[in-house]
>>> print(open('input.pdb').read())   # PDB, C-alpha atoms, pLDDT in the B column
MODEL        1
ATOM      1  CA  MET U 297     -11.100  -6.892   4.110  1.00 61.00           C
ATOM      2  CA  ASP U 298      -8.512  -9.677   4.246  1.00 70.00           C
ATOM      3  CA  SER U 299      -5.294  -8.197   5.661  1.00 76.00           C
ATOM      4  CA  ALA U 300      -3.300  -9.905   2.912  1.00 76.00           C
ATOM      5  CA  ASN U 301      -5.069  -7.675   0.372  1.00 84.00           C
ATOM      6  CA  LYS U 302      -4.854  -4.411   2.298  1.00 94.00           C
ATOM      7  CA  CYS U 303      -2.682  -1.501   1.243  1.00 97.00           C
ATOM      8  CA  THR U 304       0.282  -0.974   3.590  1.00 98.00           C
ATOM      9  CA  ILE U 305       1.211   2.540   4.724  1.00 98.00           C
ATOM     10  CA  LEU U 306       4.457   3.895   6.142  1.00 98.00           C
ATOM     11  CA  LEU U 307       3.990   7.374   7.640  1.00 98.00           C
ATOM     12  CA  LEU U 308       7.276   9.281   7.871  1.00 98.00           C
ATOM     13  CA  GLY U 309       7.026  12.488   9.872  1.00 97.00           C
ATOM     14  CA  THR U 310       9.681  15.048   8.930  1.00 96.00           C
ATOM     15  CA  TYR U 311      10.958  18.431   9.976  1.00 92.00           C
ATOM     16  CA  HIS U 312      10.866  21.024   7.185  1.00 88.00           C
ATOM     17  CA  MET U 313      14.327  20.845   5.631  1.00 89.00           C
ATOM     18  CA  GLY U 314      13.865  23.823   3.336  1.00 74.00           C
ATOM     19  CA  ASN U 315      12.897  26.401   5.990  1.00 62.00           C
ATOM     20  CA  PRO U 316       9.567  27.423   4.403  1.00 50.00           C
ATOM     21  CA  GLY U 317       8.606  29.476   7.470  1.00 48.00           C
ATOM     22  CA  LEU U 318       4.989  28.325   7.410  1.00 46.00           C
ATOM     23  CA  ASP U 319       4.567  27.356  11.061  1.00 51.00           C
ATOM     24  CA  MET U 320       3.979  29.491  14.148  1.00 49.00           C
ATOM     25  CA  HIS U 321       7.368  28.475  15.598  1.00 50.00           C
ATOM     26  CA  ASN U 322       9.903  27.727  12.900  1.00 52.00           C
ATOM     27  CA  VAL U 323      13.190  25.875  13.159  1.00 62.00           C
ATOM     28  CA  LYS U 324      16.005  26.982  10.913  1.00 67.00           C
ATOM     29  CA  SER U 325      17.270  23.783   9.346  1.00 71.00           C
ATOM     30  CA  ASP U 326      20.940  23.555   8.539  1.00 80.00           C
ATOM     31  CA  ASP U 327      22.030  23.128   4.932  1.00 88.00           C
ATOM     32  CA  VAL U 328      20.833  19.708   3.805  1.00 92.00           C
ATOM     33  CA  LEU U 329      22.704  20.251   0.516  1.00 93.00           C
ATOM     34  CA  ALA U 330      26.041  20.221   2.365  1.00 93.00           C
ATOM     35  CA  LEU U 331      28.134  17.103   1.694  1.00 95.00           C
ATOM     36  CA  LYS U 332      27.741  15.704   5.227  1.00 95.00           C
ATOM     37  CA  ARG U 333      23.964  16.010   5.172  1.00 95.00           C
ATOM     38  CA  GLN U 334      23.750  14.626   1.633  1.00 96.00           C
ATOM     39  CA  LYS U 335      25.512  11.445   2.766  1.00 97.00           C
ATOM     40  CA  GLU U 336      23.054  11.185   5.654  1.00 97.00           C
ATOM     41  CA  ILE U 337      20.100  11.660   3.309  1.00 97.00           C
ATOM     42  CA  TYR U 338      21.401   8.901   1.034  1.00 97.00           C
ATOM     43  CA  GLU U 339      21.442   6.640   4.103  1.00 97.00           C
ATOM     44  CA  VAL U 340      17.797   7.503   4.877  1.00 98.00           C
ATOM     45  CA  VAL U 341      16.762   6.938   1.260  1.00 98.00           C
ATOM     46  CA  ASP U 342      18.490   3.542   1.198  1.00 98.00           C
ATOM     47  CA  ARG U 343      16.603   2.536   4.315  1.00 98.00           C
ATOM     48  CA  LEU U 344      13.243   3.805   3.038  1.00 98.00           C
ATOM     49  CA  LYS U 345      13.733   1.759  -0.120  1.00 98.00           C
ATOM     50  CA  ARG U 346      13.631  -1.378   2.039  1.00 97.00           C
ATOM     51  CA  PHE U 347       9.953  -0.658   2.664  1.00 98.00           C
ATOM     52  CA  ASN U 348       9.637  -1.226  -1.094  1.00 98.00           C
ATOM     53  CA  PRO U 349       6.936   1.381  -1.670  1.00 98.00           C
ATOM     54  CA  THR U 350       4.887   1.157  -4.845  1.00 98.00           C
ATOM     55  CA  LYS U 351       3.837   4.817  -4.455  1.00 98.00           C
ATOM     56  CA  ILE U 352       5.311   7.815  -2.657  1.00 98.00           C
ATOM     57  CA  ALA U 353       2.957  10.530  -1.370  1.00 98.00           C
ATOM     58  CA  ILE U 354       4.301  13.990  -0.558  1.00 98.00           C
ATOM     59  CA  GLU U 355       3.204  17.144   1.270  1.00 98.00           C
ATOM     60  CA  ALA U 356       2.399  19.123  -1.848  1.00 98.00           C
ATOM     61  CA  LEU U 357      -0.983  20.326  -3.064  1.00 98.00           C
ATOM     62  CA  ALA U 358      -2.947  17.609  -4.833  1.00 98.00           C
ATOM     63  CA  ASP U 359      -4.180  20.256  -7.285  1.00 97.00           C
ATOM     64  CA  GLU U 360      -0.567  20.828  -8.340  1.00 97.00           C
ATOM     65  CA  HIS U 361       0.143  17.184  -9.208  1.00 97.00           C
ATOM     66  CA  GLU U 362       0.943  18.025 -12.825  1.00 98.00           C
ATOM     67  CA  ALA U 363       3.557  20.626 -11.919  1.00 98.00           C
ATOM     68  CA  TYR U 364       5.246  18.354  -9.374  1.00 98.00           C
ATOM     69  CA  ASN U 365       5.273  15.415 -11.738  1.00 98.00           C
ATOM     70  CA  ASN U 366       6.775  17.608 -14.452  1.00 98.00           C
ATOM     71  CA  GLN U 367       9.515  18.474 -11.970  1.00 98.00           C
ATOM     72  CA  TYR U 368       9.974  14.814 -11.131  1.00 98.00           C
ATOM     73  CA  LEU U 369      10.211  13.747 -14.774  1.00 98.00           C
ATOM     74  CA  SER U 370      12.699  16.552 -15.393  1.00 98.00           C
ATOM     75  CA  TYR U 371      14.741  15.251 -12.457  1.00 98.00           C
ATOM     76  CA  LEU U 372      14.708  11.752 -13.938  1.00 98.00           C
ATOM     77  CA  SER U 373      16.045  13.142 -17.207  1.00 98.00           C
ATOM     78  CA  GLY U 374      18.778  15.117 -15.447  1.00 97.00           C
ATOM     79  CA  GLU U 375      17.237  18.512 -16.206  1.00 97.00           C
ATOM     80  CA  PHE U 376      16.084  19.486 -12.705  1.00 97.00           C
ATOM     81  CA  THR U 377      18.174  20.258  -9.620  1.00 96.00           C
ATOM     82  CA  LEU U 378      16.698  19.112  -6.328  1.00 96.00           C
ATOM     83  CA  GLY U 379      15.925  21.797  -3.770  1.00 95.00           C
ATOM     84  CA  ALA U 380      16.666  21.717  -0.057  1.00 94.00           C
ATOM     85  CA  ASN U 381      13.318  20.299   1.038  1.00 95.00           C
ATOM     86  CA  GLU U 382      12.037  16.881   2.087  1.00 96.00           C
ATOM     87  CA  ILE U 383       9.805  16.544  -0.981  1.00 97.00           C
ATOM     88  CA  HIS U 384      12.853  16.559  -3.242  1.00 98.00           C
ATOM     89  CA  GLN U 385      15.518  15.132  -0.961  1.00 97.00           C
ATOM     90  CA  LEU U 386      13.475  12.185   0.328  1.00 98.00           C
ATOM     91  CA  GLY U 387      10.447  11.890  -1.963  1.00 98.00           C
ATOM     92  CA  PHE U 388      11.958  12.421  -5.411  1.00 98.00           C
ATOM     93  CA  ARG U 389      15.161  10.560  -4.568  1.00 98.00           C
ATOM     94  CA  THR U 390      13.453   7.466  -3.177  1.00 98.00           C
ATOM     95  CA  ALA U 391      10.965   7.321  -6.044  1.00 98.00           C
ATOM     96  CA  ALA U 392      13.719   7.694  -8.643  1.00 98.00           C
ATOM     97  CA  ASP U 393      15.897   4.992  -7.085  1.00 98.00           C
ATOM     98  CA  LEU U 394      12.932   2.612  -7.166  1.00 98.00           C
ATOM     99  CA  GLY U 395      12.119   3.408 -10.790  1.00 98.00           C
ATOM    100  CA  HIS U 396       8.747   5.027 -10.137  1.00 98.00           C
ATOM    101  CA  ASP U 397       7.283   6.932 -13.080  1.00 97.00           C
ATOM    102  CA  ARG U 398       5.469   9.493 -10.923  1.00 98.00           C
ATOM    103  CA  ILE U 399       4.961  10.860  -7.416  1.00 98.00           C
ATOM    104  CA  TYR U 400       1.720  11.644  -5.569  1.00 98.00           C
ATOM    105  CA  PRO U 401       1.017  15.098  -4.079  1.00 98.00           C
ATOM    106  CA  ILE U 402      -1.831  14.651  -1.566  1.00 98.00           C
ATOM    107  CA  ASP U 403      -2.049  17.912   0.383  1.00 98.00           C
ATOM    108  CA  TRP U 404      -4.893  20.401   0.783  1.00 97.00           C
ATOM    109  CA  ASN U 405      -4.214  23.792   2.334  1.00 95.00           C
ATOM    110  CA  GLU U 406      -6.829  26.416   1.578  1.00 90.00           C
ATOM    111  CA  TRP U 407      -8.608  29.220   3.392  1.00 87.00           C
ATOM    112  CA  TYR U 408     -12.073  27.914   4.171  1.00 85.00           C
ATOM    113  CA  GLY U 409     -13.293  30.823   6.244  1.00 83.00           C
ATOM    114  CA  GLY U 410     -13.450  31.234   9.982  1.00 84.00           C
ATOM    115  CA  VAL U 411     -10.522  32.270  12.175  1.00 92.00           C
ATOM    116  CA  ALA U 412      -6.799  32.069  11.485  1.00 94.00           C
ATOM    117  CA  LEU U 413      -4.396  30.462  13.946  1.00 94.00           C
ATOM    118  CA  GLY U 414      -2.745  33.838  14.541  1.00 93.00           C
ATOM    119  CA  HIS U 415      -6.063  35.200  15.786  1.00 95.00           C
ATOM    120  CA  VAL U 416      -6.369  32.239  18.164  1.00 96.00           C
ATOM    121  CA  TYR U 417      -2.996  33.113  19.667  1.00 95.00           C
ATOM    122  CA  GLU U 418      -3.936  36.807  19.877  1.00 96.00           C
ATOM    123  CA  TYR U 419      -7.166  35.949  21.694  1.00 96.00           C
ATOM    124  CA  ALA U 420      -5.293  33.714  24.119  1.00 96.00           C
ATOM    125  CA  GLN U 421      -2.687  36.404  24.749  1.00 96.00           C
ATOM    126  CA  SER U 422      -5.347  39.013  25.552  1.00 96.00           C
ATOM    127  CA  ASN U 423      -7.853  36.853  27.414  1.00 96.00           C
ATOM    128  CA  MET U 424      -6.073  33.708  28.643  1.00 96.00           C
ATOM    129  CA  PRO U 425      -2.478  34.746  29.396  1.00 96.00           C
ATOM    130  CA  GLU U 426      -1.560  31.575  31.315  1.00 96.00           C
ATOM    131  CA  LEU U 427      -2.774  29.359  28.478  1.00 95.00           C
ATOM    132  CA  TYR U 428      -1.029  31.587  25.954  1.00 95.00           C
ATOM    133  CA  GLN U 429       2.210  31.270  27.906  1.00 94.00           C
ATOM    134  CA  ARG U 430       1.868  27.495  27.903  1.00 92.00           C
ATOM    135  CA  LEU U 431       1.251  27.409  24.167  1.00 92.00           C
ATOM    136  CA  ASN U 432       4.107  29.746  23.412  1.00 89.00           C
ATOM    137  CA  SER U 433       6.638  28.186  25.762  1.00 88.00           C
ATOM    138  CA  ASN U 434       5.872  24.589  24.728  1.00 85.00           C
ATOM    139  CA  ASN U 435       6.267  25.421  21.063  1.00 85.00           C
ATOM    140  CA  GLN U 436       9.414  27.406  21.695  1.00 85.00           C
ATOM    141  CA  GLU U 437      10.925  24.606  23.769  1.00 86.00           C
ATOM    142  CA  LYS U 438      10.249  22.088  20.996  1.00 84.00           C
ATOM    143  CA  ALA U 439      11.791  24.384  18.384  1.00 84.00           C
ATOM    144  CA  GLU U 440      14.875  24.994  20.511  1.00 86.00           C
ATOM    145  CA  ALA U 441      15.293  21.273  21.259  1.00 86.00           C
ATOM    146  CA  LEU U 442      15.146  20.430  17.558  1.00 85.00           C
ATOM    147  CA  GLN U 443      17.558  23.246  16.750  1.00 84.00           C
ATOM    148  CA  LYS U 444      20.003  21.850  19.311  1.00 87.00           C
ATOM    149  CA  SER U 445      19.569  18.292  18.020  1.00 87.00           C
ATOM    150  CA  MET U 446      20.556  19.380  14.522  1.00 89.00           C
ATOM    151  CA  LYS U 447      24.042  20.106  15.826  1.00 88.00           C
ATOM    152  CA  GLU U 448      24.369  16.627  17.306  1.00 91.00           C
ATOM    153  CA  LYS U 449      22.350  14.152  15.257  1.00 94.00           C
ATOM    154  CA  THR U 450      22.304  12.742  11.746  1.00 95.00           C
ATOM    155  CA  VAL U 451      19.253  13.148   9.504  1.00 96.00           C
ATOM    156  CA  ARG U 452      18.260   9.555  10.281  1.00 97.00           C
ATOM    157  CA  GLU U 453      18.531  10.201  14.012  1.00 95.00           C
ATOM    158  CA  LEU U 454      16.547  13.430  13.732  1.00 95.00           C
ATOM    159  CA  LEU U 455      13.779  11.638  11.846  1.00 96.00           C
ATOM    160  CA  MET U 456      13.729   8.769  14.331  1.00 96.00           C
ATOM    161  CA  THR U 457      13.449  11.186  17.257  1.00 94.00           C
ATOM    162  CA  GLY U 458      10.576  13.035  15.578  1.00 95.00           C
ATOM    163  CA  ASN U 459       8.702   9.793  14.938  1.00 97.00           C
ATOM    164  CA  THR U 460       8.782   8.371  18.460  1.00 96.00           C
ATOM    165  CA  PRO U 461       5.365   7.936  20.117  1.00 96.00           C
ATOM    166  CA  SER U 462       6.240  10.580  22.730  1.00 95.00           C
ATOM    167  CA  ALA U 463       7.212  13.169  20.099  1.00 94.00           C
ATOM    168  CA  ILE U 464       4.076  12.514  18.045  1.00 96.00           C
ATOM    169  CA  GLN U 465       1.909  12.741  21.175  1.00 96.00           C
ATOM    170  CA  GLY U 466       3.667  15.954  22.207  1.00 92.00           C
ATOM    171  CA  ASP U 467       2.904  17.534  18.843  1.00 93.00           C
ATOM    172  CA  HIS U 468      -0.762  16.644  19.161  1.00 95.00           C
ATOM    173  CA  GLU U 469      -1.022  17.917  22.734  1.00 94.00           C
ATOM    174  CA  THR U 470      -0.307  21.396  21.392  1.00 94.00           C
ATOM    175  CA  TYR U 471      -3.479  21.211  19.285  1.00 96.00           C
ATOM    176  CA  MET U 472      -5.438  19.992  22.306  1.00 96.00           C
ATOM    177  CA  THR U 473      -4.228  23.100  24.128  1.00 96.00           C
ATOM    178  CA  VAL U 474      -5.430  25.228  21.192  1.00 97.00           C
ATOM    179  CA  ALA U 475      -8.875  23.620  21.682  1.00 97.00           C
ATOM    180  CA  ARG U 476      -9.074  25.252  25.111  1.00 97.00           C
ATOM    181  CA  VAL U 477      -8.773  28.788  23.735  1.00 97.00           C
ATOM    182  CA  GLY U 478     -12.183  30.459  24.084  1.00 96.00           C
ATOM    183  CA  ASP U 479     -14.854  31.132  26.664  1.00 92.00           C
ATOM    184  CA  GLY U 480     -17.488  28.491  25.976  1.00 81.00           C
ATOM    185  CA  LYS U 481     -19.583  30.771  23.784  1.00 88.00           C
ATOM    186  CA  ASN U 482     -16.705  31.866  21.580  1.00 91.00           C
ATOM    187  CA  ASN U 483     -14.827  28.607  20.917  1.00 95.00           C
ATOM    188  CA  ILE U 484     -12.189  30.260  18.792  1.00 96.00           C
ATOM    189  CA  GLY U 485      -9.583  27.493  19.149  1.00 97.00           C
ATOM    190  CA  ILE U 486     -12.089  24.778  18.291  1.00 96.00           C
ATOM    191  CA  ASP U 487     -13.303  26.802  15.317  1.00 95.00           C
ATOM    192  CA  TRP U 488      -9.781  26.816  13.877  1.00 96.00           C
ATOM    193  CA  LEU U 489      -9.212  23.126  14.622  1.00 97.00           C
ATOM    194  CA  CYS U 490     -12.489  22.019  13.026  1.00 95.00           C
ATOM    195  CA  ASN U 491     -12.507  24.417  10.119  1.00 95.00           C
ATOM    196  CA  TYR U 492      -8.869  24.011   9.168  1.00 96.00           C
ATOM    197  CA  TRP U 493      -6.678  21.529  11.022  1.00 97.00           C
ATOM    198  CA  TYR U 494      -8.978  18.501  11.222  1.00 97.00           C
ATOM    199  CA  ARG U 495     -10.449  19.311   7.815  1.00 97.00           C
ATOM    200  CA  ARG U 496      -6.969  19.415   6.279  1.00 98.00           C
ATOM    201  CA  ASN U 497      -5.872  16.119   7.782  1.00 98.00           C
ATOM    202  CA  LEU U 498      -9.123  14.369   6.880  1.00 98.00           C
ATOM    203  CA  ILE U 499      -8.665  15.512   3.279  1.00 98.00           C
ATOM    204  CA  ILE U 500      -5.071  14.245   3.315  1.00 98.00           C
ATOM    205  CA  TYR U 501      -6.327  10.887   4.624  1.00 98.00           C
ATOM    206  CA  SER U 502      -9.022  10.824   1.941  1.00 98.00           C
ATOM    207  CA  ASN U 503      -6.436  11.596  -0.751  1.00 98.00           C
ATOM    208  CA  ILE U 504      -4.298   8.700   0.491  1.00 98.00           C
ATOM    209  CA  SER U 505      -7.287   6.395   0.194  1.00 97.00           C
ATOM    210  CA  ARG U 506      -7.973   7.637  -3.343  1.00 97.00           C
ATOM    211  CA  ILE U 507      -4.503   6.764  -4.612  1.00 97.00           C
ATOM    212  CA  SER U 508      -4.409   3.366  -2.894  1.00 97.00           C
ATOM    213  CA  SER U 509      -5.111  -0.016  -4.405  1.00 94.00           C
ATOM    214  CA  HIS U 510      -5.071  -3.477  -2.854  1.00 89.00           C
ATOM    215  CA  GLN U 511      -1.554  -4.603  -1.979  1.00 89.00           C
ATOM    216  CA  ASP U 512      -0.054  -1.162  -2.660  1.00 97.00           C
ATOM    217  CA  ARG U 513       2.726  -0.044  -0.342  1.00 98.00           C
ATOM    218  CA  ILE U 514       2.551   3.730   0.112  1.00 98.00           C
ATOM    219  CA  LEU U 515       5.284   5.818   1.707  1.00 98.00           C
ATOM    220  CA  VAL U 516       3.762   9.066   3.027  1.00 98.00           C
ATOM    221  CA  ILE U 517       6.297  11.842   3.728  1.00 98.00           C
ATOM    222  CA  TYR U 518       4.729  14.630   5.807  1.00 98.00           C
ATOM    223  CA  GLY U 519       5.419  17.256   8.446  1.00 96.00           C
ATOM    224  CA  SER U 520       5.584  15.620  11.867  1.00 95.00           C
ATOM    225  CA  GLY U 521       2.620  17.570  13.259  1.00 95.00           C
ATOM    226  CA  HIS U 522       0.279  15.661  10.936  1.00 98.00           C
ATOM    227  CA  ILE U 523       1.296  12.164  11.977  1.00 98.00           C
ATOM    228  CA  HIS U 524      -0.941  11.734  15.044  1.00 98.00           C
ATOM    229  CA  LEU U 525      -4.155  12.463  13.157  1.00 98.00           C
ATOM    230  CA  LEU U 526      -3.143  10.627   9.985  1.00 98.00           C
ATOM    231  CA  THR U 527      -2.296   7.571  12.090  1.00 98.00           C
ATOM    232  CA  GLN U 528      -5.672   7.802  13.835  1.00 98.00           C
ATOM    233  CA  PHE U 529      -7.647   8.173  10.619  1.00 98.00           C
ATOM    234  CA  ILE U 530      -5.760   5.381   8.834  1.00 98.00           C
ATOM    235  CA  LYS U 531      -6.184   2.965  11.729  1.00 97.00           C
ATOM    236  CA  GLU U 532      -9.851   3.787  12.225  1.00 97.00           C
ATOM    237  CA  SER U 533     -10.633   3.328   8.534  1.00 97.00           C
ATOM    238  CA  GLY U 534      -9.913  -0.403   8.719  1.00 95.00           C
ATOM    239  CA  LEU U 535      -8.623  -0.177   5.138  1.00 95.00           C
ATOM    240  CA  PHE U 536      -4.882  -0.207   5.685  1.00 97.00           C
ATOM    241  CA  LEU U 537      -1.977  -1.856   7.428  1.00 97.00           C
ATOM    242  CA  LEU U 538       0.513   0.469   9.129  1.00 97.00           C
ATOM    243  CA  GLU U 539       4.227  -0.168   9.437  1.00 97.00           C
ATOM    244  CA  SER U 540       6.543   1.632  11.858  1.00 96.00           C
ATOM    245  CA  VAL U 541       9.314   4.047  10.958  1.00 97.00           C
ATOM    246  CA  GLU U 542      11.559   2.400  13.536  1.00 96.00           C
ATOM    247  CA  LYS U 543      11.533  -0.828  11.513  1.00 96.00           C
ATOM    248  CA  TYR U 544      13.352   0.968   8.706  1.00 97.00           C
ATOM    249  CA  LEU U 545      15.213   3.874  10.331  1.00 96.00           C
ATOM    250  CA  GLY U 546      15.919   2.444  13.779  1.00 92.00           C
ATOM    251  CA  ASP U 547      19.329   1.338  15.052  1.00 83.00           C
ATOM    252  CA  ARG U 548      20.453  -2.061  13.906  1.00 65.00           C
TER
ENDMDL
END
>>> encode(input="input.pdb", output="structure tokens")
Amino acid sequence: MDSANKCTILLLGTYHMGNPGLDMHNVKSDDVLALKRQKEIYEVVDRLKRFNPTKIAIEALADEHEAYNNQYLSYLSGEFTLGANEIHQLGFRTAADLGHDRIYPIDWNEWYGGVALGHVYEYAQSNMPELYQRLNSNNQEKAEALQKSMKEKTVRELLMTGNTPSAIQGDHETYMTVARVGDGKNNIGIDWLCNYWYRRNLIIYSNISRISSHQDRILVIYGSGHIHLLTQFIKESGLFLLESVEKYLGDR
């Protein structure tokens, strides 16, 4: 496909601003509704608008697109108060400022059978204590570093730090450590990665492709842990052009 006709993607990895508590090691975000943080979020939104996205995709279940778009339309009419999460603070705000008539939930997150991540950690703790310690300490160190950064950095700076190549690679290395949990016959870590983590990210990639048209510009706002695989799948598809977060959020 001629590159001039390809859809352009901007992948923005985020920390979870609303403290949903869905990850194994959670960071308690400070109050993004506080005046200081709101000013910082406006700065991020203004910069994201320079990408000039034609569509904004969010980390919300694709099956719940109607409910999220009802929320979005209510927000446009002044009848909905934004919550303290990146979907609302970055997704809804940027879309509204650009005059979009809808947003695009593209997530999948279902139980498909097999093992849960908690069981992988339990197996590692009982059978592979050194590997378990590495998993636990690496995740804890990342959570503590982000927690510390929140006291020192603006929202833009936090997002830039989380989207550096080293941070994205570090996130993915954790999943490569999970792949080592097992004994060769009982590949429990690989079972979870294949049955859930890779499946989920492939479905997200597929959902991005379904909403894309030639010459679209799609801003994808997602948890940082997804960015390595989404970048890989988007590049390997040959269907898209990728732009860097640094181009829009970096220091000037």
>>> residues_around(input="input.pdb", residues="Met456 of chain U", least_positions_apart="3", cutoff="8 Å", atoms="only C-alpha atoms", output="number ranges by chain")
U: 452-453, 459-460, 541-542, 545-546
>>> closest_atom_pairs(input="input.pdb", of="segment 340-405 of chain U", to="segment 478-501 of chain U", cutoff="7 Å", atoms="only C-alpha atoms", output="CSV")
residue,atom,partner,partner_atom,distance
U:Ile402,CA,U:Ile500,CA,5.9
U:Asp403,CA,U:Ile500,CA,5.6
U:Trp404,CA,U:Arg496,CA,6.0
U:Asn405,CA,U:Arg496,CA,6.5
>>> closest_residue(input="input.pdb", among="U:Lys531, U:Arg430, U:Lys543, U:His522", to="Gly309 of chain U", atoms="only C-alpha atoms")
U:His522
>>> atom_distance(input="input.pdb", atom1="atom CA of Glu418 of chain U", atom2="atom CA of Lys438 of chain U")
20.5 Å
>>> resolve_selection(input="input.pdb", expression="the PyMOL selection byres ((chain U and resi 506) around 12)", output="PyMOL selection string")
chain U and resi 303+353+358+400-402+499-505+507-510+512+514+535
>>> resolve_selection(input="input.pdb", expression="the PyMOL selection byres ((chain U and resi 513) around 7)", output="ChimeraX atom specification")
/U:303-305,349-351,511-512,514-515
>>> write_last_selection(input="input.pdb", atoms="C-alpha atoms", output="PDB file, keeping the file's coordinate frame")
ATOM      1  CA  CYS U 303      -2.682  -1.501   1.243  1.00 97.00           C
ATOM      2  CA  THR U 304       0.282  -0.974   3.590  1.00 98.00           C
ATOM      3  CA  ILE U 305       1.211   2.540   4.724  1.00 98.00           C
ATOM      4  CA  PRO U 349       6.936   1.381  -1.670  1.00 98.00           C
ATOM      5  CA  THR U 350       4.887   1.157  -4.845  1.00 98.00           C
ATOM      6  CA  LYS U 351       3.837   4.817  -4.455  1.00 98.00           C
ATOM      7  CA  GLN U 511      -1.554  -4.603  -1.979  1.00 89.00           C
ATOM      8  CA  ASP U 512      -0.054  -1.162  -2.660  1.00 97.00           C
ATOM      9  CA  ILE U 514       2.551   3.730   0.112  1.00 98.00           C
ATOM     10  CA  LEU U 515       5.284   5.818   1.707  1.00 98.00           C
TER      11      LEU U 515
END
>>> closest_residue(input="input.pdb", among="U:Leu442, U:Val416, U:Val411, U:Val451", to="Lys335 of chain U", atoms="all atoms listed in the file")
U:Val451
